[in-house]
Amino acid sequence: MPTDQDYLSQLQDYYADHRALPSLASLGQLVGLRSKSSAAALANRLKLAGYLTTTPDRRLAPTEAFFARPVVDTVRAGLPQPANDAGFDGLAIDSYLVARPSRTVLLVVKGDSMVEAGLMEGDHIIVDRAQPAAMGDIVVAIVDNEFTVKYLAKDKRGIFLKPGNPAYPPIRPQGELEIYGVVTGSFRKYR
């Protein structure tokens, strides 16, 4: 017999395909419930659990918890370890990576000057335009009217941009150096 978590998974897949939730009338058909009262009861349980809410026009809408993905365990990058299917709390990726949505942008990495920082060509970086930059931060900077992503560094000669690849030289601004934003995270898709 399906659980509410099974129904939630079906709703999450529906939302991924349509970027909207079904109407209450269609909810039962989607998850295989025969009566409208069963669909309404499911919607109420998912609201009480914090996954759904109702908009002012009485439509179902997802909450932040709806988008949380289960963190099922840790995994070693070294020797294997026994798997633990017990699960941990969920993680809403957007709220984890984006502190200020109105001041956050995504940029795509081009080139290999930051490979030692773990940034590869094609990666998406999350850039917080409101966060003040500190020495050692990975920043997106504008130097001579061009974007670059580097470590913000300082030495006796002043502030400069340090690459995360020894094949590249440091960048010392000839004119003005503007910090566009601080890199707060990155992600890549393998397939």
# chains A, B, ... in the order shown; residues from 1 in each chain; ligands from 1
>>> residues_around(residues="segment 130-135 of chain A", least_positions_apart="4", cutoff="7 Å", atoms="only C-alpha atoms", output="list in words")
Arg103, Leu152, Ala153, Lys154, Gly181 and Val182 of chain A
>>> write_last_selection(atoms="N, CA and C atoms", output="compact mmCIF listing (two decimals), in the first residue's frame")
# COMPACT_ATOMS: atom_id res chain seq x y z
N ARG A 103 19.88 38.81 -4.99
CA ARG A 103 21.25 39.26 -5.24
C ARG A 103 22.16 38.11 -5.68
N LEU A 152 40.71 36.01 -4.28
CA LEU A 152 41.09 37.37 -3.96
C LEU A 152 42.28 37.28 -3.00
N ALA A 153 43.38 37.92 -3.37
CA ALA A 153 44.61 37.81 -2.57
C ALA A 153 45.26 39.18 -2.41
N LYS A 154 46.20 39.24 -1.47
CA LYS A 154 46.91 40.49 -1.21
C LYS A 154 48.33 40.14 -0.79
N GLY A 181 31.08 39.70 -7.32
CA GLY A 181 30.41 38.93 -6.29
C GLY A 181 31.32 37.84 -5.75
N VAL A 182 30.86 37.20 -4.69
CA VAL A 182 31.60 36.13 -4.02
C VAL A 182 30.98 34.79 -4.41
>>> closest_residue(among="A:Lys189, A:Leu46, A:Leu161, A:Leu60", to="Phe147 of chain A", atoms="only C-alpha atoms")
A:Leu161
>>> closest_residue(among="A:Leu52, A:Val71, A:Ile93, A:Ala77", to="Leu8 of chain A", atoms="only C-alpha atoms")
A:Leu52
>>> closest_residue(among="A:Tyr7, A:Tyr168, A:Tyr96, A:Phe67", to="Gly28 of chain A", atoms="only C-alpha atoms")
A:Tyr7
>>> closest_residue(among="A:Ala92, A:Val149, A:Ile142, A:Val31", to="Ala117 of chain A", atoms="only C-alpha atoms")
A:Val149
>>> closest_residue(among="A:Asp94, A:Thr104, A:Gly185, A:Val143", to="Ile125 of chain A", atoms="only C-alpha atoms")
A:Gly185
>>> select_by_dssp(residues="chain A", states="alpha helix (DSSP H)", output="PyMOL selection string")
chain A and resi 4-18+24-31+36-48+93-97
>>> residues_around(residues="Leu91 of chain A", least_positions_apart="5", cutoff="12 Å", atoms="only C-alpha atoms", output="MDAnalysis selection string")
chainID A and resid 64:72 96:97
>>> residues_around(residues="Val98 of chain A", least_positions_apart="6", cutoff="10 Å", atoms="only C-alpha atoms", output="list in words")
Thr104, Val105, Ile126, Val127, Asp128, Thr184 and Gly185 of chain A
>>> closest_residue(among="A:Arg45, A:Arg34, A:Lys156, A:Arg58", to="Asp4 of chain A", atoms="only C-alpha atoms")
A:Arg45
>>> residues_around(residues="Ala16 of chain A", least_positions_apart="5", cutoff="12 Å", atoms="only C-alpha atoms", output="PyMOL selection string")
chain A and resi 9-11+21-22+62+66-67
>>> residues_around(residues="Ala25 of chain A", least_positions_apart="5", cutoff="10 Å", atoms="only C-alpha atoms", output="ChimeraX atom specification")
/A:30,35-37,39-40
>>> write_last_selection(atoms="C-alpha atoms", output="mmCIF file, in the first residue's frame")
data_model
loop_
_atom_site.group_PDB
_atom_site.id
_atom_site.type_symbol
_atom_site.label_atom_id
_atom_site.label_comp_id
_atom_site.auth_asym_id
_atom_site.auth_seq_id
_atom_site.Cartn_x
_atom_site.Cartn_y
_atom_site.Cartn_z
ATOM 1 C CA LEU A 30 -2.567 11.231 -10.514
ATOM 2 C CA SER A 35 -12.460 9.434 -4.242
ATOM 3 C CA LYS A 36 -12.195 13.195 -3.992
ATOM 4 C CA SER A 37 -12.368 12.924 -0.201
ATOM 5 C CA ALA A 39 -7.440 13.193 -2.388
ATOM 6 C CA ALA A 40 -8.491 16.034 -0.066
#
>>> atom_distance(atom1="atom CA of Gly32 of chain A", atom2="atom CA of Tyr14 of chain A")
13.5 Å
>>> decode(residues="segment 30-72 of chain A", atoms="N, CA and C atoms", output="PDB file, in the first residue's frame")
ATOM      1  N   LEU A  30      -4.018  11.322 -10.349  1.00  0.00           N
ATOM      2  CA  LEU A  30      -2.567  11.231 -10.514  1.00  0.00           C
ATOM      3  C   LEU A  30      -1.968  10.149  -9.630  1.00  0.00           C
ATOM      4  N   VAL A  31      -2.378  10.091  -8.373  1.00  0.00           N
ATOM      5  CA  VAL A  31      -1.752   9.159  -7.438  1.00  0.00           C
ATOM      6  C   VAL A  31      -2.544   7.865  -7.259  1.00  0.00           C
ATOM      7  N   GLY A  32      -3.696   7.739  -7.939  1.00  0.00           N
ATOM      8  CA  GLY A  32      -4.446   6.484  -7.885  1.00  0.00           C
ATOM      9  C   GLY A  32      -5.439   6.377  -6.741  1.00  0.00           C
ATOM     10  N   LEU A  33      -5.920   7.510  -6.247  1.00  0.00           N
ATOM     11  CA  LEU A  33      -6.966   7.487  -5.214  1.00  0.00           C
ATOM     12  C   LEU A  33      -8.319   7.580  -5.900  1.00  0.00           C
ATOM     13  N   ARG A  34      -9.291   6.838  -5.389  1.00  0.00           N
ATOM     14  CA  ARG A  34     -10.577   6.730  -6.086  1.00  0.00           C
ATOM     15  C   ARG A  34     -11.568   7.841  -5.766  1.00  0.00           C
ATOM     16  N   SER A  35     -11.452   8.437  -4.603  1.00  0.00           N
ATOM     17  CA  SER A  35     -12.460   9.434  -4.242  1.00  0.00           C
ATOM     18  C   SER A  35     -11.827  10.809  -4.031  1.00  0.00           C
ATOM     19  N   LYS A  36     -12.656  11.828  -4.228  1.00  0.00           N
ATOM     20  CA  LYS A  36     -12.195  13.195  -3.992  1.00  0.00           C
ATOM     21  C   LYS A  36     -11.885  13.414  -2.523  1.00  0.00           C
ATOM     22  N   SER A  37     -12.619  12.752  -1.637  1.00  0.00           N
ATOM     23  CA  SER A  37     -12.368  12.924  -0.201  1.00  0.00           C
ATOM     24  C   SER A  37     -11.005  12.329   0.175  1.00  0.00           C
ATOM     25  N   SER A  38     -10.611  11.239  -0.471  1.00  0.00           N
ATOM     26  CA  SER A  38      -9.278  10.663  -0.218  1.00  0.00           C
ATOM     27  C   SER A  38      -8.188  11.615  -0.703  1.00  0.00           C
ATOM     28  N   ALA A  39      -8.413  12.232  -1.858  1.00  0.00           N
ATOM     29  CA  ALA A  39      -7.440  13.193  -2.388  1.00  0.00           C
ATOM     30  C   ALA A  39      -7.348  14.417  -1.470  1.00  0.00           C
ATOM     31  N   ALA A  40      -8.484  14.884  -0.979  1.00  0.00           N
ATOM     32  CA  ALA A  40      -8.491  16.034  -0.066  1.00  0.00           C
ATOM     33  C   ALA A  40      -7.783  15.683   1.244  1.00  0.00           C
ATOM     34  N   ALA A  41      -8.004  14.475   1.737  1.00  0.00           N
ATOM     35  CA  ALA A  41      -7.342  14.044   2.970  1.00  0.00           C
ATOM     36  C   ALA A  41      -5.825  13.961   2.766  1.00  0.00           C
ATOM     37  N   LEU A  42      -5.395  13.448   1.614  1.00  0.00           N
ATOM     38  CA  LEU A  42      -3.958  13.390   1.303  1.00  0.00           C
ATOM     39  C   LEU A  42      -3.379  14.800   1.260  1.00  0.00           C
ATOM     40  N   ALA A  43      -4.059  15.720   0.572  1.00  0.00           N
ATOM     41  CA  ALA A  43      -3.576  17.104   0.485  1.00  0.00           C
ATOM     42  C   ALA A  43      -3.466  17.708   1.887  1.00  0.00           C
ATOM     43  N   ASN A  44      -4.431  17.447   2.743  1.00  0.00           N
ATOM     44  CA  ASN A  44      -4.385  17.975   4.112  1.00  0.00           C
ATOM     45  C   ASN A  44      -3.219  17.384   4.899  1.00  0.00           C
ATOM     46  N   ARG A  45      -2.974  16.080   4.739  1.00  0.00           N
ATOM     47  CA  ARG A  45      -1.842  15.471   5.438  1.00  0.00           C
ATOM     48  C   ARG A  45      -0.520  16.060   4.953  1.00  0.00           C
ATOM     49  N   LEU A  46      -0.404  16.295   3.645  1.00  0.00           N
ATOM     50  CA  LEU A  46       0.837  16.877   3.102  1.00  0.00           C
ATOM     51  C   LEU A  46       0.992  18.336   3.518  1.00  0.00           C
ATOM     52  N   LYS A  47      -0.120  19.038   3.718  1.00  0.00           N
ATOM     53  CA  LYS A  47      -0.057  20.404   4.261  1.00  0.00           C
ATOM     54  C   LYS A  47       0.416  20.382   5.710  1.00  0.00           C
ATOM     55  N   LEU A  48      -0.169  19.483   6.512  1.00  0.00           N
ATOM     56  CA  LEU A  48       0.222  19.372   7.919  1.00  0.00           C
ATOM     57  C   LEU A  48       1.693  18.979   8.064  1.00  0.00           C
ATOM     58  N   ALA A  49       2.189  18.167   7.126  1.00  0.00           N
ATOM     59  CA  ALA A  49       3.595  17.747   7.154  1.00  0.00           C
ATOM     60  C   ALA A  49       4.521  18.852   6.650  1.00  0.00           C
ATOM     61  N   GLY A  50       3.935  19.935   6.086  1.00  0.00           N
ATOM     62  CA  GLY A  50       4.746  21.065   5.644  1.00  0.00           C
ATOM     63  C   GLY A  50       5.206  21.021   4.200  1.00  0.00           C
ATOM     64  N   TYR A  51       4.662  20.094   3.391  1.00  0.00           N
ATOM     65  CA  TYR A  51       5.089  19.977   1.992  1.00  0.00           C
ATOM     66  C   TYR A  51       4.253  20.828   1.045  1.00  0.00           C
ATOM     67  N   LEU A  52       3.010  21.077   1.404  1.00  0.00           N
ATOM     68  CA  LEU A  52       2.104  21.845   0.547  1.00  0.00           C
ATOM     69  C   LEU A  52       1.488  22.983   1.337  1.00  0.00           C
ATOM     70  N   THR A  53       1.015  23.971   0.597  1.00  0.00           N
ATOM     71  CA  THR A  53       0.246  25.061   1.169  1.00  0.00           C
ATOM     72  C   THR A  53      -0.877  25.372   0.180  1.00  0.00           C
ATOM     73  N   THR A  54      -1.770  26.252   0.587  1.00  0.00           N
ATOM     74  CA  THR A  54      -2.855  26.677  -0.298  1.00  0.00           C
ATOM     75  C   THR A  54      -2.671  28.155  -0.596  1.00  0.00           C
ATOM     76  N   THR A  55      -2.763  28.515  -1.865  1.00  0.00           N
ATOM     77  CA  THR A  55      -2.629  29.912  -2.271  1.00  0.00           C
ATOM     78  C   THR A  55      -3.927  30.661  -1.961  1.00  0.00           C
ATOM     79  N   PRO A  56      -3.897  31.995  -2.020  1.00  0.00           N
ATOM     80  CA  PRO A  56      -5.132  32.753  -1.766  1.00  0.00           C
ATOM     81  C   PRO A  56      -6.283  32.376  -2.710  1.00  0.00           C
ATOM     82  N   ASP A  57      -5.962  31.910  -3.913  1.00  0.00           N
ATOM     83  CA  ASP A  57      -7.033  31.498  -4.823  1.00  0.00           C
ATOM     84  C   ASP A  57      -7.370  30.005  -4.680  1.00  0.00           C
ATOM     85  N   ARG A  58      -6.938  29.410  -3.553  1.00  0.00           N
ATOM     86  CA  ARG A  58      -7.285  28.056  -3.127  1.00  0.00           C
ATOM     87  C   ARG A  58      -6.677  26.951  -3.997  1.00  0.00           C
ATOM     88  N   ARG A  59      -5.521  27.213  -4.584  1.00  0.00           N
ATOM     89  CA  ARG A  59      -4.799  26.175  -5.322  1.00  0.00           C
ATOM     90  C   ARG A  59      -3.700  25.612  -4.446  1.00  0.00           C
ATOM     91  N   LEU A  60      -3.324  24.388  -4.736  1.00  0.00           N
ATOM     92  CA  LEU A  60      -2.205  23.782  -4.025  1.00  0.00           C
ATOM     93  C   LEU A  60      -0.900  24.366  -4.539  1.00  0.00           C
ATOM     94  N   ALA A  61       0.031  24.587  -3.625  1.00  0.00           N
ATOM     95  CA  ALA A  61       1.344  25.115  -3.999  1.00  0.00           C
ATOM     96  C   ALA A  61       2.413  24.413  -3.150  1.00  0.00           C
ATOM     97  N   PRO A  62       3.603  24.238  -3.718  1.00  0.00           N
ATOM     98  CA  PRO A  62       4.674  23.601  -2.957  1.00  0.00           C
ATOM     99  C   PRO A  62       5.286  24.567  -1.950  1.00  0.00           C
ATOM    100  N   THR A  63       5.768  24.033  -0.845  1.00  0.00           N
ATOM    101  CA  THR A  63       6.524  24.813   0.135  1.00  0.00           C
ATOM    102  C   THR A  63       8.008  24.519  -0.098  1.00  0.00           C
ATOM    103  N   GLU A  64       8.859  25.149   0.676  1.00  0.00           N
ATOM    104  CA  GLU A  64      10.302  24.882   0.573  1.00  0.00           C
ATOM    105  C   GLU A  64      10.607  23.419   0.884  1.00  0.00           C
ATOM    106  N   ALA A  65       9.901  22.844   1.853  1.00  0.00           N
ATOM    107  CA  ALA A  65      10.126  21.440   2.220  1.00  0.00           C
ATOM    108  C   ALA A  65       9.790  20.494   1.068  1.00  0.00           C
ATOM    109  N   PHE A  66       8.866  20.898   0.192  1.00  0.00           N
ATOM    110  CA  PHE A  66       8.500  20.090  -0.973  1.00  0.00           C
ATOM    111  C   PHE A  66       9.716  19.827  -1.852  1.00  0.00           C
ATOM    112  N   PHE A  67      10.630  20.805  -1.901  1.00  0.00           N
ATOM    113  CA  PHE A  67      11.792  20.705  -2.773  1.00  0.00           C
ATOM    114  C   PHE A  67      13.009  20.084  -2.081  1.00  0.00           C
ATOM    115  N   ALA A  68      12.893  19.781  -0.800  1.00  0.00           N
ATOM    116  CA  ALA A  68      14.020  19.175  -0.077  1.00  0.00           C
ATOM    117  C   ALA A  68      14.279  17.780  -0.624  1.00  0.00           C
ATOM    118  N   ARG A  69      15.531  17.447  -0.760  1.00  0.00           N
ATOM    119  CA  ARG A  69      15.933  16.122  -1.223  1.00  0.00           C
ATOM    120  C   ARG A  69      16.520  15.374  -0.037  1.00  0.00           C
ATOM    121  N   PRO A  70      16.243  14.076   0.058  1.00  0.00           N
ATOM    122  CA  PRO A  70      16.756  13.340   1.217  1.00  0.00           C
ATOM    123  C   PRO A  70      18.275  13.226   1.190  1.00  0.00           C
ATOM    124  N   VAL A  71      18.882  13.465   2.327  1.00  0.00           N
ATOM    125  CA  VAL A  71      20.303  13.206   2.502  1.00  0.00           C
ATOM    126  C   VAL A  71      20.338  11.838   3.171  1.00  0.00           C
ATOM    127  N   VAL A  72      20.663  10.789   2.405  1.00  0.00           N
ATOM    128  CA  VAL A  72      20.489   9.435   2.916  1.00  0.00           C
ATOM    129  C   VAL A  72      21.666   8.927   3.731  1.00  0.00           C
TER     130      VAL A  72
END
